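Beneath this line is the structure, given in structure tokens, with notes to follow.
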Amino acid sequence: MTWLETLRTGLEAVRAHRLRSALTMLGIVIGVSSVILTVGLGQGAQDQVSAQISALGSNLLVVSPGSTTSTTGVRGGFGSSTTLTLSDADAIADKSVAPEVAQVAPTTTGSVSLIDGTTNWTTSLVGTTPAWLQVRSRSLASGRFFTQAEVDSGAHVVVLGSDTASQLTRGDPVGQTVTADGATLTVIGVLKPSGSASTSTTSEDDNAVLPISTEKAITGATGNSVSSIYVEGKSQATLGAAYAEITTLLQNLHSVTANNADFTLTSQDSLLETANSTNKTLTVLLGGVAAISLLVGGIGVMNIMLVSVTERIREIGLRKALGATPRVIRRQFLVEASVLGLLGGLFGVLLGILGAQVLPPLINQPVSVSLLATLGAIATSLALGIGFGVYPASRAARLTPIDALRSE
Amino acid sequence: MTAIIELSAVTKTYDTGVVKVDALRGVNARIDEGEYVAVVGPSGSGKSTLMHILGCLDVPTSGTYHLAGEDVSTMTEADLAAVRNRRIGFVFQQFNLLASMPAWRNVELPLVYAAVPRAERKERALAALAKVGLAERADHKPGELSGGQQQRVAVARALVTEPALLLADEPTGNLDSESTTDVLNLFDELSALGRTIVLITHEHDVAARAGRSLIVRDGSIQLGAPA
Ligand SMILES: Nc1ncnc2c1ncn2[C@@H]1O[C@H](COP(=O)(O)OP(=O)(O)OP(=O)(O)O)[C@@H](O)[C@H]1O
Ligand SMILES: [Mg+2]
């Protein structure tokens, strides 16, 4: 009997027992699609965080106030103290002290309600210097960024994030005015979207950026403390040197040592590392859950296959009586099991991909389909189908035709 | 006349693990080409066991069996499958049709394993069905046919490969008298056309139609009296 004939016989058997075939496939479909979705969920979360961190800027170092490892043993809130000042930023910008630093953008952040006519929109207020645009790897969709002169004079100008702009004004916002805490600001530019996926709590695209002097004037803040200092290193290769320069400089300025430092210096790489390690745990966990569901699906497949072969021992006996060799019988069941496994795997992949499209907006989490997990899931389901379908069938194929025919 | 079946000192012992049953105790028999033989005997005497060995569905415990001159007692499983496929047509008491397939697909099944091309298979299957008078039922599934019709489909399946030997184990055991007559008339026709037929039966009027009877008693053949 040719393979083509065997394939036809196998397909026919799948069709002839529709319900049983559907149930067998259902186990595989659920297993495969859940592997794809759960692994995709973990992968998606990881990708998202990576993208957000990368979108912060290139060769970026961030100085924040407060120590992450307090000497008193109490873990102070990240950035809770106000030990960073504008003069720290000026010192870091000094080329003779920190030659590996390219640009410095001291930044204050707060929350503010912007009013444009009747529209009221609460956004984060970012006070900074012109260097911010490049340090944070941002660019403008329209208009211009503010200048050093405008920082010096405390000009009432503002650059809006893309989301903020679309929330607040219709048409081109450049040239329009908005009110913030009673102060009237002229919109001079709109930022391009940052490209990082936004979460429910923070968005790089919902903010209002203005000269740091203006920000202090509006919020009524006195003193020259800042929320954080963004530093761009000259190159990726010398980022370590820049890190060391800034650490030494600030320790000297604040008269502290590494043990009682009142600031924290973070690099993009270290952020990525931390984020990835937590996300890996998540992915492994989700993967475990998925593997279990695949196993449960597999046991279902095994169960149905065993029952179906037992049920069909008479059929095997008859086919043998009519001239089928044990080999032909084995092949027939191999084809049947493979068809079920493959079809189930295929539907599972389709369902998984469909889920990956439908799910993200509902749960506000990205799902990225992993090729490796998909292939692995298909291979597993195929192996399950073949293993549990062919083994009992080949045992039945070894029976004498009459023993098979007599079985009930 | 050439012998199609030659059994010498054939025994069959079933070993159930608990007891050993000597179902056949040294059977010698010869059946010539074109004969129509009825195998009769009381229940449990070994008729079905004999037929399974004749049909190569089971192997003897000892003794030799020549089918059309070939010694089949030493053949491998794959060779036996080929012998069953080419030389033997079976008709079982329980019909043994595949319920999921229409009549003509059941009939063509032996041809599938004989590697006959598809188009020719269908043609021959339909011709065999026509021979048993079921041409217009070719597309019916077994569940849509009466017992007698199902058995006729089984006969068509047994005939489709034009085998040298037709074996039937109580083919009318599950049929009413009218269907029994149908099937037996069919066997008469086949016999008249020169086909070799071995038929197991309990009923004397069935055995009477055959050329001679083999009487099986306690695993041995008594005497082959002409009917
Ligand atoms: N698979 C088996 N295992 C053990 N013993 C068996 C087996 N098949 C048949 N036997 C025994 O062998 C003997 C012959 O059985 P067989 O089926 O050949 O009888 P039979 O003549 O066909 O009877 P019946 O007319 O009732 O069909 C019986 O005693 C039976 O119990
Ligand atoms: Mg019997």
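Please note that chains go A, B, ... in the order of the structure tokens, that every chain numbers its residues from 1, and that ligands are numbered from 1 in the order shown.
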Residues of chain B within 6 Å of chain A, using only C-alpha atoms, as an MDAnalysis selection string?
-> chainID B and resid 57 78 81:82 84:85 100 110 113 115
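Each residue with an atom within 7 Å of any atom of ligand 2 appears in the list, which was built counting only C-alpha atoms and all ligand atoms: Lys47, Ser48 and Asp169 of chain B.
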Considering only C-alpha atoms, return as an mmCIF file with N, CA and C atoms, in the first residue's frame whatever protein or nucleic-acid residues lie within 10 Å of segment 132-144 of chain B, sequence-local ones (same chain, fewer than 3 positions apart) excluded.
data_model
loop_
_atom_site.group_PDB
_atom_site.id
_atom_site.type_symbol
_atom_site.label_atom_id
_atom_site.label_comp_id
_atom_site.auth_asym_id
_atom_site.auth_seq_id
_atom_site.Cartn_x
_atom_site.Cartn_y
_atom_site.Cartn_z
ATOM 1 N N PHE B 95 -20.723 -10.617 9.826
ATOM 2 C CA PHE B 95 -20.535 -9.740 8.664
ATOM 3 C C PHE B 95 -19.191 -9.016 8.673
ATOM 4 N N ASN B 96 -18.836 -8.387 9.828
ATOM 5 C CA ASN B 96 -17.573 -7.644 9.933
ATOM 6 C C ASN B 96 -17.384 -6.619 8.820
ATOM 7 N N LEU B 97 -18.379 -5.760 8.678
ATOM 8 C CA LEU B 97 -18.234 -4.638 7.746
ATOM 9 C C LEU B 97 -17.838 -3.407 8.559
ATOM 10 N N LEU B 98 -17.130 -2.471 7.931
ATOM 11 C CA LEU B 98 -16.780 -1.226 8.618
ATOM 12 C C LEU B 98 -17.958 -0.263 8.494
ATOM 13 N N ALA B 99 -18.512 0.115 9.652
ATOM 14 C CA ALA B 99 -19.759 0.874 9.667
ATOM 15 C C ALA B 99 -19.623 2.267 9.060
ATOM 16 N N SER B 100 -18.401 2.799 9.072
ATOM 17 C CA SER B 100 -18.243 4.189 8.620
ATOM 18 C C SER B 100 -18.184 4.306 7.104
ATOM 19 N N MET B 101 -18.061 3.163 6.424
ATOM 20 C CA MET B 101 -17.870 3.228 4.978
ATOM 21 C C MET B 101 -19.089 2.708 4.233
ATOM 22 N N PRO B 102 -19.400 3.294 3.069
ATOM 23 C CA PRO B 102 -20.489 2.758 2.252
ATOM 24 C C PRO B 102 -20.121 1.373 1.738
ATOM 25 N N ALA B 103 -21.130 0.659 1.250
ATOM 26 C CA ALA B 103 -20.947 -0.729 0.828
ATOM 27 C C ALA B 103 -19.780 -0.893 -0.143
ATOM 28 N N TRP B 104 -19.731 -0.029 -1.154
ATOM 29 C CA TRP B 104 -18.703 -0.255 -2.179
ATOM 30 C C TRP B 104 -17.297 -0.069 -1.616
ATOM 31 N N ARG B 105 -17.161 0.832 -0.596
ATOM 32 C CA ARG B 105 -15.835 1.024 0.003
ATOM 33 C C ARG B 105 -15.426 -0.205 0.814
ATOM 34 N N ASN B 106 -16.417 -0.830 1.461
ATOM 35 C CA ASN B 106 -16.132 -2.068 2.171
ATOM 36 C C ASN B 106 -15.673 -3.149 1.204
ATOM 37 N N VAL B 107 -16.331 -3.196 0.060
ATOM 38 C CA VAL B 107 -16.014 -4.232 -0.907
ATOM 39 C C VAL B 107 -14.625 -4.021 -1.505
ATOM 40 N N ALA B 125 -15.278 -3.245 -7.473
ATOM 41 C CA ALA B 125 -16.153 -3.322 -6.305
ATOM 42 C C ALA B 125 -17.610 -3.251 -6.744
ATOM 43 N N LEU B 126 -17.894 -2.317 -7.671
ATOM 44 C CA LEU B 126 -19.270 -2.179 -8.146
ATOM 45 C C LEU B 126 -19.710 -3.433 -8.905
ATOM 46 N N ALA B 127 -18.781 -4.026 -9.653
ATOM 47 C CA ALA B 127 -19.106 -5.249 -10.391
ATOM 48 C C ALA B 127 -19.435 -6.379 -9.412
ATOM 49 N N ALA B 128 -18.634 -6.480 -8.328
ATOM 50 C CA ALA B 128 -18.870 -7.533 -7.334
ATOM 51 C C ALA B 128 -20.214 -7.325 -6.653
ATOM 52 N N LEU B 129 -20.549 -6.066 -6.367
ATOM 53 C CA LEU B 129 -21.842 -5.771 -5.748
ATOM 54 C C LEU B 129 -22.982 -6.131 -6.690
ATOM 55 N N GLY B 147 -29.799 -7.388 7.403
ATOM 56 C CA GLY B 147 -28.775 -8.378 7.697
ATOM 57 C C GLY B 147 -28.375 -9.168 6.460
ATOM 58 N N GLN B 149 -28.681 -8.276 3.375
ATOM 59 C CA GLN B 149 -27.946 -7.419 2.438
ATOM 60 C C GLN B 149 -26.515 -7.206 2.901
ATOM 61 N N GLN B 150 -26.351 -7.031 4.228
ATOM 62 C CA GLN B 150 -24.988 -6.856 4.744
ATOM 63 C C GLN B 150 -24.149 -8.090 4.441
ATOM 64 N N GLN B 151 -24.765 -9.291 4.617
ATOM 65 C CA GLN B 151 -23.987 -10.495 4.365
ATOM 66 C C GLN B 151 -23.651 -10.620 2.883
ATOM 67 N N ARG B 152 -24.540 -10.126 2.022
ATOM 68 C CA ARG B 152 -24.242 -10.161 0.592
ATOM 69 C C ARG B 152 -23.108 -9.194 0.250
ATOM 70 N N VAL B 153 -23.091 -8.044 0.963
ATOM 71 C CA VAL B 153 -21.953 -7.125 0.775
ATOM 72 C C VAL B 153 -20.665 -7.847 1.177
ATOM 73 N N ALA B 154 -20.732 -8.604 2.307
ATOM 74 C CA ALA B 154 -19.550 -9.329 2.764
ATOM 75 C C ALA B 154 -19.126 -10.371 1.736
ATOM 76 N N VAL B 155 -20.102 -11.019 1.108
ATOM 77 C CA VAL B 155 -19.769 -12.001 0.073
ATOM 78 C C VAL B 155 -19.104 -11.293 -1.111
ATOM 79 N N ALA B 156 -19.651 -10.135 -1.487
ATOM 80 C CA ALA B 156 -19.048 -9.371 -2.581
ATOM 81 C C ALA B 156 -17.604 -9.016 -2.238
ATOM 82 N N LEU B 159 -15.396 -11.882 -2.740
ATOM 83 C CA LEU B 159 -15.228 -12.289 -4.135
ATOM 84 C C LEU B 159 -14.392 -11.326 -4.956
ATOM 85 N N ASP B 182 -31.294 -16.441 -0.043
ATOM 86 C CA ASP B 182 -30.570 -15.537 -0.942
ATOM 87 C C ASP B 182 -29.091 -15.869 -0.964
ATOM 88 N N VAL B 183 -28.494 -15.937 0.259
ATOM 89 C CA VAL B 183 -27.045 -16.125 0.353
ATOM 90 C C VAL B 183 -26.654 -17.507 -0.163
ATOM 91 N N LEU B 186 -26.651 -17.741 -3.800
ATOM 92 C CA LEU B 186 -25.445 -17.075 -4.286
ATOM 93 C C LEU B 186 -24.271 -18.054 -4.268
ATOM 94 N N PHE B 187 -24.149 -18.809 -3.175
ATOM 95 C CA PHE B 187 -23.061 -19.783 -3.070
ATOM 96 C C PHE B 187 -23.203 -20.872 -4.142
#
Report the residues of segment 140-372 of chain A whose backbone DSSP state falls under strand (DSSP E or B), written as a PyMOL selection string.
-> chain A and resi 140-143+157-160+177-180+183-191+207-211+225+228-233+263-267
Pick out the residues no farther than 7 Å from ligand 1, counting only C-alpha atoms and all ligand atoms, and list them as a list in words.
-> Tyr14, Asp15, Thr16, Val21, Asp22, Ala23, Gly41, Pro42, Ser43, Gly44, Ser45, Gly46, Lys47, Ser48, Thr49, Leu50 and His202 of chain B
Could you write those residues out with N, CA and C atoms, as a CSV table (one decimal), in the first residue's frame?
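Produced file out.csv, reproduced below:
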chain,number,residue,atom,x,y,z
B,14,TYR,N,-5.2,-24.4,22.4
B,14,TYR,CA,-5.3,-23.1,23.0
B,14,TYR,C,-4.8,-23.2,24.4
B,15,ASP,N,-3.9,-22.3,24.8
B,15,ASP,CA,-3.3,-22.3,26.1
B,15,ASP,C,-3.8,-21.0,26.8
B,16,THR,N,-4.8,-21.2,27.6
B,16,THR,CA,-5.4,-20.0,28.2
B,16,THR,C,-4.6,-19.6,29.5
B,21,VAL,N,-6.6,-26.3,25.9
B,21,VAL,CA,-7.7,-26.9,25.2
B,21,VAL,C,-7.2,-27.4,23.9
B,22,ASP,N,-7.3,-28.7,23.6
B,22,ASP,CA,-7.0,-29.3,22.4
B,22,ASP,C,-8.1,-29.1,21.4
B,23,ALA,N,-8.2,-28.0,20.7
B,23,ALA,CA,-9.3,-27.8,19.8
B,23,ALA,C,-9.2,-28.6,18.5
B,41,GLY,N,-20.7,-30.3,12.5
B,41,GLY,CA,-20.3,-30.9,13.8
B,41,GLY,C,-20.9,-30.2,15.0
B,42,PRO,N,-20.9,-30.8,16.1
B,42,PRO,CA,-21.5,-30.1,17.3
B,42,PRO,C,-20.7,-28.9,17.7
B,43,SER,N,-21.4,-28.1,18.5
B,43,SER,CA,-20.8,-26.9,19.0
B,43,SER,C,-19.6,-27.2,19.9
B,44,GLY,N,-18.5,-26.5,19.6
B,44,GLY,CA,-17.3,-26.7,20.4
B,44,GLY,C,-16.4,-27.8,19.9
B,45,SER,N,-16.8,-28.3,18.7
B,45,SER,CA,-16.0,-29.5,18.2
B,45,SER,C,-14.7,-29.0,17.5
B,46,GLY,N,-14.6,-27.7,17.1
B,46,GLY,CA,-13.4,-27.2,16.5
B,46,GLY,C,-13.6,-26.7,15.1
B,47,LYS,N,-14.8,-26.5,14.7
B,47,LYS,CA,-15.1,-26.1,13.3
B,47,LYS,C,-14.5,-24.7,13.0
B,48,SER,N,-14.7,-23.8,13.9
B,48,SER,CA,-14.2,-22.4,13.6
B,48,SER,C,-12.7,-22.4,13.7
B,49,THR,N,-12.2,-23.2,14.6
B,49,THR,CA,-10.7,-23.3,14.8
B,49,THR,C,-10.1,-23.8,13.4
B,50,LEU,N,-10.7,-24.8,12.9
B,50,LEU,CA,-10.3,-25.4,11.6
B,50,LEU,C,-10.3,-24.3,10.5
B,202,HIS,N,-24.4,-25.3,11.0
B,202,HIS,CA,-25.1,-26.1,12.0
B,202,HIS,C,-26.3,-26.9,11.4
Computed gap from atom CA of Val309 of chain A to atom CA of Ser338 of chain A is 14.5 Å
DSSP helix (DSSP H, G or I) selection over segment 44-192 of chain B, as a PyMOL selection string | chain B and resi 47-54+77-87+103-113+118-131+135-137+142-144+147-159+177-192
Near-Ala207 of chain B list (10 Å; only C-alpha atoms; drop same-chain fewer than 5 positions) as a VMD selection string | chain B and resid 36 to 40 199 to 202 212 to 214 227
Save the residues we just selected, N, CA and C atoms, as a PDB file, in the first residue's frame?
ATOM      1  N   TYR B  36     -17.298 -27.911  -3.250  1.00  0.00           N
ATOM      2  CA  TYR B  36     -18.166 -27.150  -2.346  1.00  0.00           C
ATOM      3  C   TYR B  36     -18.341 -28.044  -1.130  1.00  0.00           C
ATOM      4  N   VAL B  37     -17.664 -27.669  -0.023  1.00  0.00           N
ATOM      5  CA  VAL B  37     -17.604 -28.545   1.137  1.00  0.00           C
ATOM      6  C   VAL B  37     -18.284 -27.895   2.328  1.00  0.00           C
ATOM      7  N   ALA B  38     -19.111 -28.659   3.010  1.00  0.00           N
ATOM      8  CA  ALA B  38     -19.713 -28.164   4.252  1.00  0.00           C
ATOM      9  C   ALA B  38     -18.976 -28.789   5.424  1.00  0.00           C
ATOM     10  N   VAL B  39     -18.656 -27.975   6.424  1.00  0.00           N
ATOM     11  CA  VAL B  39     -18.043 -28.488   7.646  1.00  0.00           C
ATOM     12  C   VAL B  39     -19.114 -28.470   8.716  1.00  0.00           C
ATOM     13  N   VAL B  40     -19.444 -29.644   9.218  1.00  0.00           N
ATOM     14  CA  VAL B  40     -20.511 -29.728  10.219  1.00  0.00           C
ATOM     15  C   VAL B  40     -19.970 -30.413  11.477  1.00  0.00           C
ATOM     16  N   LEU B 199     -17.768 -24.147   3.793  1.00  0.00           N
ATOM     17  CA  LEU B 199     -18.804 -23.468   4.543  1.00  0.00           C
ATOM     18  C   LEU B 199     -19.082 -24.214   5.844  1.00  0.00           C
ATOM     19  N   ILE B 200     -19.003 -23.491   6.942  1.00  0.00           N
ATOM     20  CA  ILE B 200     -19.315 -24.097   8.232  1.00  0.00           C
ATOM     21  C   ILE B 200     -20.782 -23.857   8.536  1.00  0.00           C
ATOM     22  N   THR B 201     -21.449 -24.895   8.996  1.00  0.00           N
ATOM     23  CA  THR B 201     -22.866 -24.693   9.317  1.00  0.00           C
ATOM     24  C   THR B 201     -23.343 -25.671  10.380  1.00  0.00           C
ATOM     25  N   HIS B 202     -24.417 -25.283  11.036  1.00  0.00           N
ATOM     26  CA  HIS B 202     -25.081 -26.141  11.995  1.00  0.00           C
ATOM     27  C   HIS B 202     -26.266 -26.860  11.368  1.00  0.00           C
ATOM     28  N   ARG B 212     -20.057 -32.233  -0.473  1.00  0.00           N
ATOM     29  CA  ARG B 212     -19.818 -33.235   0.561  1.00  0.00           C
ATOM     30  C   ARG B 212     -19.661 -32.530   1.898  1.00  0.00           C
ATOM     31  N   SER B 213     -19.689 -33.327   2.971  1.00  0.00           N
ATOM     32  CA  SER B 213     -19.571 -32.754   4.305  1.00  0.00           C
ATOM     33  C   SER B 213     -18.353 -33.319   5.018  1.00  0.00           C
ATOM     34  N   LEU B 214     -17.680 -32.447   5.759  1.00  0.00           N
ATOM     35  CA  LEU B 214     -16.630 -32.890   6.663  1.00  0.00           C
ATOM     36  C   LEU B 214     -17.238 -32.832   8.054  1.00  0.00           C
ATOM     37  N   ALA B 227     -22.620 -35.948   0.083  1.00  0.00           N
ATOM     38  CA  ALA B 227     -23.960 -35.580   0.527  1.00  0.00           C
ATOM     39  C   ALA B 227     -25.001 -36.260  -0.331  1.00  0.00           C
TER      40      ALA B 227
END
Find the residues of segment 57-151 of chain A that sit at most 6 Å from segment 211-223 of chain A; for each, write down the nearest two atoms and how far apart they are in Å, to one decimal. Count only C-alpha atoms. Sort by chain, then by number going up, and give it as a tab-separated table.
residue	atom	partner	partner_atom	distance
A:Gly127	CA	A:Ile212	CA	3.9
A:Thr128	CA	A:Ile212	CA	4.4
A:Thr129	CA	A:Pro211	CA	5.9
A:Val151	CA	A:Pro211	CA	4.9
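Among the candidates B:Asn185, B:Thr2, B:Ser220, B:Thr161, the residue lying nearest to Ala68 of chain B is B:Thr2 (atoms considered: only C-alpha atoms).
Across B:Gly173, B:Leu80, B:Val160, B:Ser62, the tightest approach to Leu109 of chain B is made by B:Val160 when counting only C-alpha atoms.
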Neighbour list for Leu306 of chain A as a PyMOL selection string, cut-off 10 Å, only C-alpha atoms, skip fewer than 6 positions in-chain = chain A and resi 300+312+388-393
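Here atom CA of Leu24 of chain B and atom CA of Pro60 of chain B stand 8.8 Å from one another.
Note that the spacing between atom CA of Leu26 of chain A and atom CA of Gly297 of chain A amounts to 7.9 Å.
Among the candidate residues B:Gly26, B:His52, B:Gly148, B:Val206, the one lying nearest to Leu175 of chain B is B:Gly148, with distances computed using only C-alpha atoms.
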